[in-house]
Amino acid sequence: MTTYTICVFTENTIGILNKITTILTRRRINIESLTVSETERKGISRFTIVIRHESRDAVEKLVRQIRKVIEVLAVFGYLNNDIVYNEIALFKISTPIGAKPLDIETINKVYKAWVVYWHLTYVIIQKTGTEEEIFEFFDYIKPHEILEFVRSGRVAVSKSPQTLVDYLPEAEWEYYQ
């Protein structure tokens with residue numbers, strides 16, 4: 001199976017998430033990751049959807065179907081080498097008195113992860129990177145007792161020189177200040 005990242009730019013309206021996920025559900029395509037946020041332009045939302053599928057043709061058909069939704073301004077399907085992408089993960093790690101201490105230098109220098117909260121009996125470590133990098137760190141930190149683990153969806157930006165404004169209908173789009 002190939003991993004695809006679909007970036008959908010929409011008007012920020014109620015119900016658009018349901019419309020988009022319904023299209024995937026009808027085709028029995030599972031969403032591996034979903035991140036939604038506003039873009040640099042007011043009123044424009046960006047959906048970053050990660051799916052795995054065997055057929056590029058089916059993914060291209062899916063992209064064409066999403067484009068038909070009225071509130072959708074632009075849709076792009078990417079392979080991993082077409083984008084720069086990352087995820088963020090938070091690990092709550094047990095640090096009881098008398099336990100083997102965490103090697104903070106290895107955590108920082110080798111795994112590029114950072115302690116963002118320190119408590120007497122646990123720490124919270126933040127790790128950004130690809131899914132593979134996050135799970136490599138997961139395997140490293142597992143012996144220290146992971147109390148909680150959460151991972152965000154993918155955020156991605158195209159390597160293409162075009163920007164969002166190149167694909168938006170002509171209008172005065174306001175930036176955030």
# chains A, B, ... in the order shown; residues from 1 in each chain; ligands from 1

$ residues_around --residues "Glu145 (chain A)" --least-positions-apart "4" --cutoff "12 Å" --atoms "only C-alpha atoms" --output "ChimeraX atom specification"
/A:91-96,99-102,121-123,138-141,149

$ write_last_selection --atoms "all heavy atoms" --output "compact mmCIF listing (two decimals), in the first residue's frame"
# COMPACT_ATOMS: atom_id res chain seq x y z
N PHE A 91 4.77 12.19 25.19
CA PHE A 91 4.95 10.98 25.99
C PHE A 91 4.96 11.39 27.45
O PHE A 91 5.76 12.24 27.84
CB PHE A 91 6.29 10.32 25.69
CG PHE A 91 6.47 9.83 24.28
CD1 PHE A 91 6.81 10.70 23.26
CD2 PHE A 91 6.33 8.48 23.99
CE1 PHE A 91 7.00 10.24 21.97
CE2 PHE A 91 6.52 8.02 22.70
CZ PHE A 91 6.86 8.90 21.69
N LYS A 92 4.11 10.78 28.27
CA LYS A 92 4.19 10.96 29.72
C LYS A 92 4.93 9.72 30.24
O LYS A 92 4.44 8.60 30.12
CB LYS A 92 2.82 11.07 30.37
CG LYS A 92 2.91 11.37 31.87
CD LYS A 92 1.56 11.35 32.56
CE LYS A 92 0.78 12.60 32.32
NZ LYS A 92 -0.48 12.63 33.14
N ILE A 93 6.12 9.95 30.81
CA ILE A 93 7.01 8.88 31.21
C ILE A 93 7.16 8.86 32.72
O ILE A 93 7.45 9.89 33.33
CB ILE A 93 8.41 9.06 30.56
CG1 ILE A 93 8.28 9.23 29.04
CG2 ILE A 93 9.33 7.91 30.93
CD1 ILE A 93 7.67 8.07 28.32
N SER A 94 7.01 7.70 33.30
CA SER A 94 7.15 7.52 34.74
C SER A 94 8.61 7.75 35.16
O SER A 94 9.53 7.26 34.51
CB SER A 94 6.71 6.11 35.13
OG SER A 94 6.88 5.91 36.51
N THR A 95 8.80 8.50 36.26
CA THR A 95 10.15 8.73 36.80
C THR A 95 10.14 8.55 38.32
O THR A 95 10.45 9.48 39.06
CB THR A 95 10.67 10.14 36.44
OG1 THR A 95 9.73 11.10 36.94
CG2 THR A 95 10.86 10.32 34.96
N PRO A 96 9.76 7.36 38.78
CA PRO A 96 9.70 7.16 40.24
C PRO A 96 11.08 7.22 40.87
O PRO A 96 12.09 6.95 40.22
CB PRO A 96 9.08 5.77 40.38
CG PRO A 96 9.39 5.08 39.10
CD PRO A 96 9.45 6.15 38.04
N ALA A 99 14.22 4.65 40.32
CA ALA A 99 14.19 4.02 39.00
C ALA A 99 15.41 4.45 38.19
O ALA A 99 16.08 5.43 38.52
CB ALA A 99 12.91 4.40 38.26
N LYS A 100 15.67 3.73 37.13
CA LYS A 100 16.77 4.09 36.23
C LYS A 100 16.48 5.49 35.67
O LYS A 100 15.40 5.73 35.12
CB LYS A 100 16.85 3.07 35.10
CG LYS A 100 17.95 3.36 34.10
CD LYS A 100 17.96 2.34 32.98
CE LYS A 100 18.97 2.76 31.92
NZ LYS A 100 18.82 1.99 30.70
N PRO A 101 17.44 6.42 35.79
CA PRO A 101 17.18 7.79 35.31
C PRO A 101 17.12 7.84 33.78
O PRO A 101 17.74 7.03 33.09
CB PRO A 101 18.36 8.59 35.85
CG PRO A 101 19.44 7.58 36.09
CD PRO A 101 18.75 6.28 36.40
N LEU A 102 16.36 8.82 33.31
CA LEU A 102 16.29 9.06 31.87
C LEU A 102 17.61 9.65 31.40
O LEU A 102 18.21 10.48 32.08
CB LEU A 102 15.17 10.04 31.54
CG LEU A 102 13.75 9.56 31.78
CD1 LEU A 102 12.78 10.73 31.63
CD2 LEU A 102 13.39 8.45 30.82
N THR A 121 7.12 12.63 39.77
CA THR A 121 6.96 11.21 39.45
C THR A 121 6.84 10.92 37.94
O THR A 121 6.70 9.77 37.55
CB THR A 121 5.72 10.64 40.16
OG1 THR A 121 4.57 11.39 39.75
CG2 THR A 121 5.89 10.71 41.67
N TYR A 122 6.87 11.96 37.13
CA TYR A 122 6.80 11.75 35.69
C TYR A 122 7.33 12.98 34.95
O TYR A 122 7.45 14.06 35.52
CB TYR A 122 5.38 11.43 35.22
CG TYR A 122 4.39 12.56 35.43
CD1 TYR A 122 4.20 13.53 34.45
CD2 TYR A 122 3.66 12.66 36.61
CE1 TYR A 122 3.31 14.57 34.65
CE2 TYR A 122 2.77 13.70 36.81
CZ TYR A 122 2.60 14.65 35.82
OH TYR A 122 1.72 15.68 36.01
N VAL A 123 7.66 12.78 33.68
CA VAL A 123 8.00 13.89 32.79
C VAL A 123 7.14 13.76 31.54
O VAL A 123 6.65 12.67 31.21
CB VAL A 123 9.50 13.91 32.38
CG1 VAL A 123 10.39 14.15 33.57
CG2 VAL A 123 9.89 12.65 31.64
N PHE A 138 9.56 5.88 20.50
CA PHE A 138 8.65 5.10 21.34
C PHE A 138 9.34 3.82 21.81
O PHE A 138 9.30 3.47 22.99
CB PHE A 138 7.38 4.77 20.54
CG PHE A 138 6.30 4.08 21.33
CD1 PHE A 138 5.22 4.81 21.81
CD2 PHE A 138 6.34 2.71 21.57
CE1 PHE A 138 4.21 4.19 22.53
CE2 PHE A 138 5.34 2.08 22.28
CZ PHE A 138 4.27 2.83 22.76
N ASP A 139 9.98 3.11 20.88
CA ASP A 139 10.68 1.87 21.23
C ASP A 139 11.83 2.13 22.21
O ASP A 139 12.08 1.33 23.11
CB ASP A 139 11.22 1.18 19.98
CG ASP A 139 10.10 0.59 19.12
OD1 ASP A 139 8.99 0.37 19.66
OD2 ASP A 139 10.33 0.38 17.91
N TYR A 140 12.53 3.26 22.02
CA TYR A 140 13.64 3.60 22.92
C TYR A 140 13.14 3.89 24.33
O TYR A 140 13.74 3.44 25.31
CB TYR A 140 14.41 4.82 22.37
CG TYR A 140 15.34 5.42 23.40
CD1 TYR A 140 16.57 4.83 23.68
CD2 TYR A 140 14.99 6.57 24.10
CE1 TYR A 140 17.42 5.36 24.63
CE2 TYR A 140 15.83 7.11 25.07
CZ TYR A 140 17.04 6.51 25.32
OH TYR A 140 17.88 7.03 26.27
N ILE A 141 12.05 4.62 24.46
CA ILE A 141 11.59 5.11 25.76
C ILE A 141 10.70 4.09 26.48
O ILE A 141 10.45 4.20 27.69
CB ILE A 141 10.88 6.49 25.61
CG1 ILE A 141 10.95 7.30 26.90
CG2 ILE A 141 9.46 6.35 25.12
CD1 ILE A 141 12.28 7.87 27.20
N PHE A 149 0.52 8.31 25.88
CA PHE A 149 1.13 8.61 24.58
C PHE A 149 0.03 9.17 23.69
O PHE A 149 -1.06 8.61 23.61
CB PHE A 149 1.73 7.34 23.97
CG PHE A 149 2.10 7.48 22.52
CD1 PHE A 149 3.20 8.22 22.14
CD2 PHE A 149 1.34 6.86 21.54
CE1 PHE A 149 3.55 8.34 20.80
CE2 PHE A 149 1.68 6.96 20.21
CZ PHE A 149 2.79 7.70 19.83

$ residues_around --residues "Gly153 (chain A)" --least-positions-apart "3" --cutoff "7 Å" --atoms "only C-alpha atoms" --output "list in words"
Ser33, Leu34, Thr35 and Glu87 of chain A

$ select_by_dssp --residues "region 58-120 of chain A" --states "alpha helix (DSSP H)" --output "PyMOL selection string"
chain A and resi 58-67+104-109

$ residues_around --residues "Ser158 (chain A)" --least-positions-apart "4" --cutoff "12 Å" --atoms "only C-alpha atoms" --output "PyMOL selection string"
chain A and resi 5-7+48+75-85+162-164

$ atom_distance --atom1 "CA of Asn12 (chain A)" --atom2 "CA of Ile44 (chain A)"
5.4 Å

$ residues_around --residues "Phe137 (chain A)" --least-positions-apart "5" --cutoff "12 Å" --atoms "only C-alpha atoms" --output "number ranges by chain"
A: 88-91, 106-108, 110-114, 125-132, 142-144, 146, 149

$ write_last_selection --atoms "N, CA, C and O atoms" --output "CSV table (one decimal), in the first residue's frame"
chain,number,residue,atom,x,y,z
A,88,ILE,N,3.6,15.5,15.7
A,88,ILE,CA,4.1,15.8,17.0
A,88,ILE,C,3.5,14.7,17.9
A,88,ILE,O,2.4,14.3,17.8
A,89,ALA,N,4.3,14.3,18.9
A,89,ALA,CA,3.9,13.3,19.9
A,89,ALA,C,4.3,13.7,21.3
A,89,ALA,O,5.3,14.4,21.4
A,90,LEU,N,3.4,13.4,22.2
A,90,LEU,CA,3.7,13.7,23.6
A,90,LEU,C,3.7,12.4,24.4
A,90,LEU,O,2.9,11.5,24.2
A,91,PHE,N,4.8,12.2,25.2
A,91,PHE,CA,4.9,11.0,26.0
A,91,PHE,C,5.0,11.4,27.5
A,91,PHE,O,5.8,12.2,27.8
A,106,THR,N,20.8,11.8,25.5
A,106,THR,CA,20.4,10.9,24.4
A,106,THR,C,19.1,11.3,23.8
A,106,THR,O,18.9,11.4,22.6
A,107,ILE,N,18.1,11.6,24.7
A,107,ILE,CA,16.8,12.0,24.3
A,107,ILE,C,16.9,13.3,23.4
A,107,ILE,O,16.3,13.4,22.4
A,108,ASN,N,17.7,14.3,23.9
A,108,ASN,CA,17.8,15.5,23.1
A,108,ASN,C,18.7,15.4,21.9
A,108,ASN,O,18.2,15.8,20.8
A,110,VAL,N,20.2,12.6,20.3
A,110,VAL,CA,20.0,11.5,19.3
A,110,VAL,C,18.6,11.5,18.8
A,110,VAL,O,18.4,11.4,17.5
A,111,TYR,N,17.6,11.7,19.6
A,111,TYR,CA,16.2,11.6,19.2
A,111,TYR,C,15.5,12.9,19.0
A,111,TYR,O,14.4,13.0,18.5
A,112,LYS,N,16.2,14.0,19.2
A,112,LYS,CA,15.7,15.4,19.0
A,112,LYS,C,14.3,15.5,19.7
A,112,LYS,O,13.3,16.0,19.1
A,113,ALA,N,14.2,15.0,20.9
A,113,ALA,CA,13.0,15.1,21.7
A,113,ALA,C,13.3,16.0,22.9
A,113,ALA,O,14.5,16.1,23.3
A,114,TRP,N,12.3,16.6,23.5
A,114,TRP,CA,12.5,17.6,24.6
A,114,TRP,C,11.5,17.4,25.7
A,114,TRP,O,10.4,17.2,25.5
A,125,ILE,N,7.5,14.4,27.5
A,125,ILE,CA,8.5,14.6,26.5
A,125,ILE,C,7.8,14.9,25.2
A,125,ILE,O,6.8,14.1,24.8
A,126,GLN,N,8.2,15.9,24.4
A,126,GLN,CA,7.7,16.2,23.1
A,126,GLN,C,8.6,15.7,22.0
A,126,GLN,O,9.8,16.0,22.1
A,127,LYS,N,8.1,15.0,21.1
A,127,LYS,CA,8.9,14.5,19.9
A,127,LYS,C,8.2,14.9,18.6
A,127,LYS,O,7.0,14.6,18.5
A,128,THR,N,8.9,15.6,17.7
A,128,THR,CA,8.4,15.9,16.4
A,128,THR,C,9.2,15.1,15.4
A,128,THR,O,10.3,14.8,15.6
A,129,GLY,N,8.5,14.8,14.3
A,129,GLY,CA,9.2,14.0,13.2
A,129,GLY,C,8.2,13.2,12.4
A,129,GLY,O,7.0,13.4,12.6
A,130,THR,N,8.7,12.3,11.7
A,130,THR,CA,7.8,11.4,10.9
A,130,THR,C,7.3,10.4,11.8
A,130,THR,O,7.7,10.2,12.9
A,131,GLU,N,6.3,9.7,11.3
A,131,GLU,CA,5.7,8.5,12.0
A,131,GLU,C,6.8,7.5,12.4
A,131,GLU,O,6.8,7.1,13.6
A,132,GLU,N,7.7,7.3,11.5
A,132,GLU,CA,8.8,6.3,11.8
A,132,GLU,C,9.7,6.8,12.9
A,132,GLU,O,10.1,6.0,13.8
A,142,LYS,N,10.2,3.1,25.8
A,142,LYS,CA,9.3,2.1,26.3
A,142,LYS,C,9.7,1.5,27.7
A,142,LYS,O,8.9,1.3,28.6
A,143,PRO,N,11.0,1.1,27.8
A,143,PRO,CA,11.4,0.5,29.1
A,143,PRO,C,11.2,1.4,30.3
A,143,PRO,O,11.3,0.9,31.5
A,144,HIS,N,11.0,2.7,30.1
A,144,HIS,CA,10.9,3.6,31.2
A,144,HIS,C,9.4,3.8,31.7
A,144,HIS,O,9.1,4.7,32.4
A,146,ILE,N,5.8,4.0,29.8
A,146,ILE,CA,5.0,5.1,29.2
A,146,ILE,C,3.6,5.1,29.8
A,146,ILE,O,2.9,4.1,29.8
A,149,PHE,N,0.5,8.3,25.9
A,149,PHE,CA,1.1,8.6,24.6
A,149,PHE,C,0.0,9.2,23.7
A,149,PHE,O,-1.1,8.6,23.6

$ closest_residue --among "A:Arg46, A:Gly15, A:Thr39, A:Thr2" --to "Ala58 (chain A)" --atoms "only C-alpha atoms"
A:Thr2

$ atom_distance --atom1 "CA of Glu32 (chain A)" --atom2 "CA of Arg154 (chain A)"
9.5 Å

$ residues_around --residues "His53 (chain A)" --least-positions-apart "4" --cutoff "12 Å" --atoms "only C-alpha atoms" --output "VMD selection string"
chain A and resid 1 to 5 24 27 to 32 57 to 60 62 79

$ write_last_selection --atoms "all heavy atoms" --output "short mmCIF file (atom, residue, chain, number, x, y, z; two decimals), in the first residue's frame"
data_model
loop_
_atom_site.label_atom_id
_atom_site.label_comp_id
_atom_site.auth_asym_id
_atom_site.auth_seq_id
_atom_site.Cartn_x
_atom_site.Cartn_y
_atom_site.Cartn_z
N MET A 1 0.83 -1.19 0.00
CA MET A 1 0.00 0.00 0.00
C MET A 1 0.87 1.24 0.00
O MET A 1 1.88 1.30 0.69
CB MET A 1 -0.89 0.02 1.23
CG MET A 1 -1.95 -1.02 1.23
SD MET A 1 -3.52 -0.20 1.33
CE MET A 1 -4.49 -1.49 1.99
N THR A 2 0.44 2.23 -0.73
CA THR A 2 1.16 3.50 -0.82
C THR A 2 0.46 4.52 0.07
O THR A 2 -0.76 4.56 0.15
CB THR A 2 1.16 3.99 -2.28
OG1 THR A 2 1.75 2.97 -3.10
CG2 THR A 2 1.96 5.27 -2.43
N THR A 3 1.28 5.37 0.73
CA THR A 3 0.73 6.44 1.56
C THR A 3 0.53 7.68 0.71
O THR A 3 1.44 8.10 -0.02
CB THR A 3 1.68 6.75 2.74
OG1 THR A 3 1.82 5.56 3.52
CG2 THR A 3 1.15 7.88 3.59
N TYR A 4 -0.65 8.27 0.81
CA TYR A 4 -0.98 9.51 0.11
C TYR A 4 -1.40 10.56 1.13
O TYR A 4 -2.07 10.25 2.11
CB TYR A 4 -2.15 9.29 -0.86
CG TYR A 4 -1.82 8.35 -2.00
CD1 TYR A 4 -2.09 6.99 -1.88
CD2 TYR A 4 -1.24 8.81 -3.17
CE1 TYR A 4 -1.79 6.11 -2.90
CE2 TYR A 4 -0.95 7.93 -4.21
CZ TYR A 4 -1.22 6.59 -4.07
OH TYR A 4 -0.93 5.72 -5.09
N THR A 5 -1.00 11.79 0.88
CA THR A 5 -1.44 12.92 1.69
C THR A 5 -2.31 13.78 0.80
O THR A 5 -1.86 14.24 -0.25
CB THR A 5 -0.24 13.73 2.22
OG1 THR A 5 0.57 12.86 3.01
CG2 THR A 5 -0.71 14.91 3.05
N LEU A 24 -14.93 9.72 1.60
CA LEU A 24 -13.98 8.63 1.86
C LEU A 24 -14.70 7.38 2.36
O LEU A 24 -14.36 6.26 1.96
CB LEU A 24 -12.92 9.08 2.87
CG LEU A 24 -11.83 9.96 2.27
CD1 LEU A 24 -12.11 11.42 2.44
CD2 LEU A 24 -10.50 9.59 2.85
N ARG A 27 -16.27 5.20 -0.25
CA ARG A 27 -15.29 4.42 -1.01
C ARG A 27 -14.54 3.42 -0.13
O ARG A 27 -13.58 2.80 -0.58
CB ARG A 27 -14.30 5.38 -1.68
CG ARG A 27 -14.93 6.07 -2.86
CD ARG A 27 -14.15 7.27 -3.31
NE ARG A 27 -14.81 7.91 -4.43
CZ ARG A 27 -15.99 8.52 -4.39
NH1 ARG A 27 -16.65 8.59 -3.26
NH2 ARG A 27 -16.53 9.07 -5.45
N ARG A 28 -14.96 3.33 1.14
CA ARG A 28 -14.36 2.40 2.10
C ARG A 28 -12.86 2.64 2.25
O ARG A 28 -12.06 1.71 2.29
CB ARG A 28 -14.67 0.96 1.74
CG ARG A 28 -16.19 0.72 1.61
CD ARG A 28 -16.60 -0.70 1.50
NE ARG A 28 -16.09 -1.59 2.52
CZ ARG A 28 -16.58 -1.72 3.76
NH1 ARG A 28 -17.59 -0.98 4.15
NH2 ARG A 28 -16.05 -2.59 4.61
N ILE A 29 -12.49 3.93 2.32
CA ILE A 29 -11.10 4.32 2.51
C ILE A 29 -10.94 4.80 3.94
O ILE A 29 -11.65 5.71 4.38
CB ILE A 29 -10.69 5.43 1.52
CG1 ILE A 29 -10.78 4.90 0.08
CG2 ILE A 29 -9.28 5.94 1.83
CD1 ILE A 29 -10.53 5.95 -0.99
N ASN A 30 -10.02 4.18 4.66
CA ASN A 30 -9.77 4.54 6.05
C ASN A 30 -8.86 5.76 6.13
O ASN A 30 -7.86 5.85 5.41
CB ASN A 30 -9.11 3.37 6.79
CG ASN A 30 -8.97 3.64 8.26
OD1 ASN A 30 -9.91 4.08 8.92
ND2 ASN A 30 -7.78 3.40 8.79
N ILE A 31 -9.18 6.68 7.01
CA ILE A 31 -8.33 7.85 7.26
C ILE A 31 -7.30 7.45 8.31
O ILE A 31 -7.65 7.12 9.43
CB ILE A 31 -9.17 9.05 7.73
CG1 ILE A 31 -10.15 9.48 6.64
CG2 ILE A 31 -8.26 10.20 8.14
CD1 ILE A 31 -11.13 10.55 7.10
N GLU A 32 -6.04 7.49 7.93
CA GLU A 32 -4.95 7.16 8.86
C GLU A 32 -4.66 8.34 9.78
O GLU A 32 -4.27 8.16 10.93
CB GLU A 32 -3.68 6.81 8.08
CG GLU A 32 -3.82 5.61 7.16
CD GLU A 32 -3.94 4.30 7.90
OE1 GLU A 32 -3.35 4.18 9.00
OE2 GLU A 32 -4.62 3.40 7.39
N ASP A 57 -4.98 5.42 -9.26
CA ASP A 57 -6.17 5.86 -10.01
C ASP A 57 -7.34 6.11 -9.07
O ASP A 57 -8.08 7.09 -9.24
CB ASP A 57 -6.56 4.82 -11.07
CG ASP A 57 -5.58 4.76 -12.23
OD1 ASP A 57 -4.85 5.76 -12.44
OD2 ASP A 57 -5.55 3.73 -12.92
N ALA A 58 -7.53 5.24 -8.10
CA ALA A 58 -8.62 5.41 -7.14
C ALA A 58 -8.42 6.68 -6.30
O ALA A 58 -9.38 7.39 -6.00
CB ALA A 58 -8.73 4.18 -6.24
N VAL A 59 -7.18 6.97 -5.95
CA VAL A 59 -6.89 8.18 -5.17
C VAL A 59 -7.14 9.43 -6.03
O VAL A 59 -7.71 10.41 -5.56
CB VAL A 59 -5.46 8.15 -4.60
CG1 VAL A 59 -5.10 9.48 -3.93
CG2 VAL A 59 -5.31 7.00 -3.62
N GLU A 60 -6.74 9.38 -7.28
CA GLU A 60 -6.99 10.51 -8.19
C GLU A 60 -8.48 10.73 -8.37
O GLU A 60 -8.96 11.87 -8.41
CB GLU A 60 -6.30 10.28 -9.52
CG GLU A 60 -4.79 10.41 -9.43
CD GLU A 60 -4.06 10.04 -10.71
OE1 GLU A 60 -4.71 9.59 -11.69
OE2 GLU A 60 -2.82 10.19 -10.73
N LEU A 62 -10.76 9.97 -6.14
CA LEU A 62 -11.18 10.53 -4.86
C LEU A 62 -10.94 12.04 -4.82
O LEU A 62 -11.81 12.82 -4.42
CB LEU A 62 -10.43 9.85 -3.71
CG LEU A 62 -10.60 10.45 -2.33
CD1 LEU A 62 -12.01 10.23 -1.81
CD2 LEU A 62 -9.57 9.87 -1.38
N LEU A 79 2.39 12.28 -2.85
CA LEU A 79 3.17 11.19 -2.31
C LEU A 79 4.14 11.79 -1.29
O LEU A 79 4.39 13.01 -1.31
CB LEU A 79 3.94 10.46 -3.42
CG LEU A 79 3.07 9.73 -4.44
CD1 LEU A 79 3.91 9.26 -5.63
CD2 LEU A 79 2.37 8.55 -3.77
#

$ closest_residue --among "A:Val116, A:Val155, A:Ser45, A:Leu17" --to "Leu73 (chain A)" --atoms "only C-alpha atoms"
A:Ser45
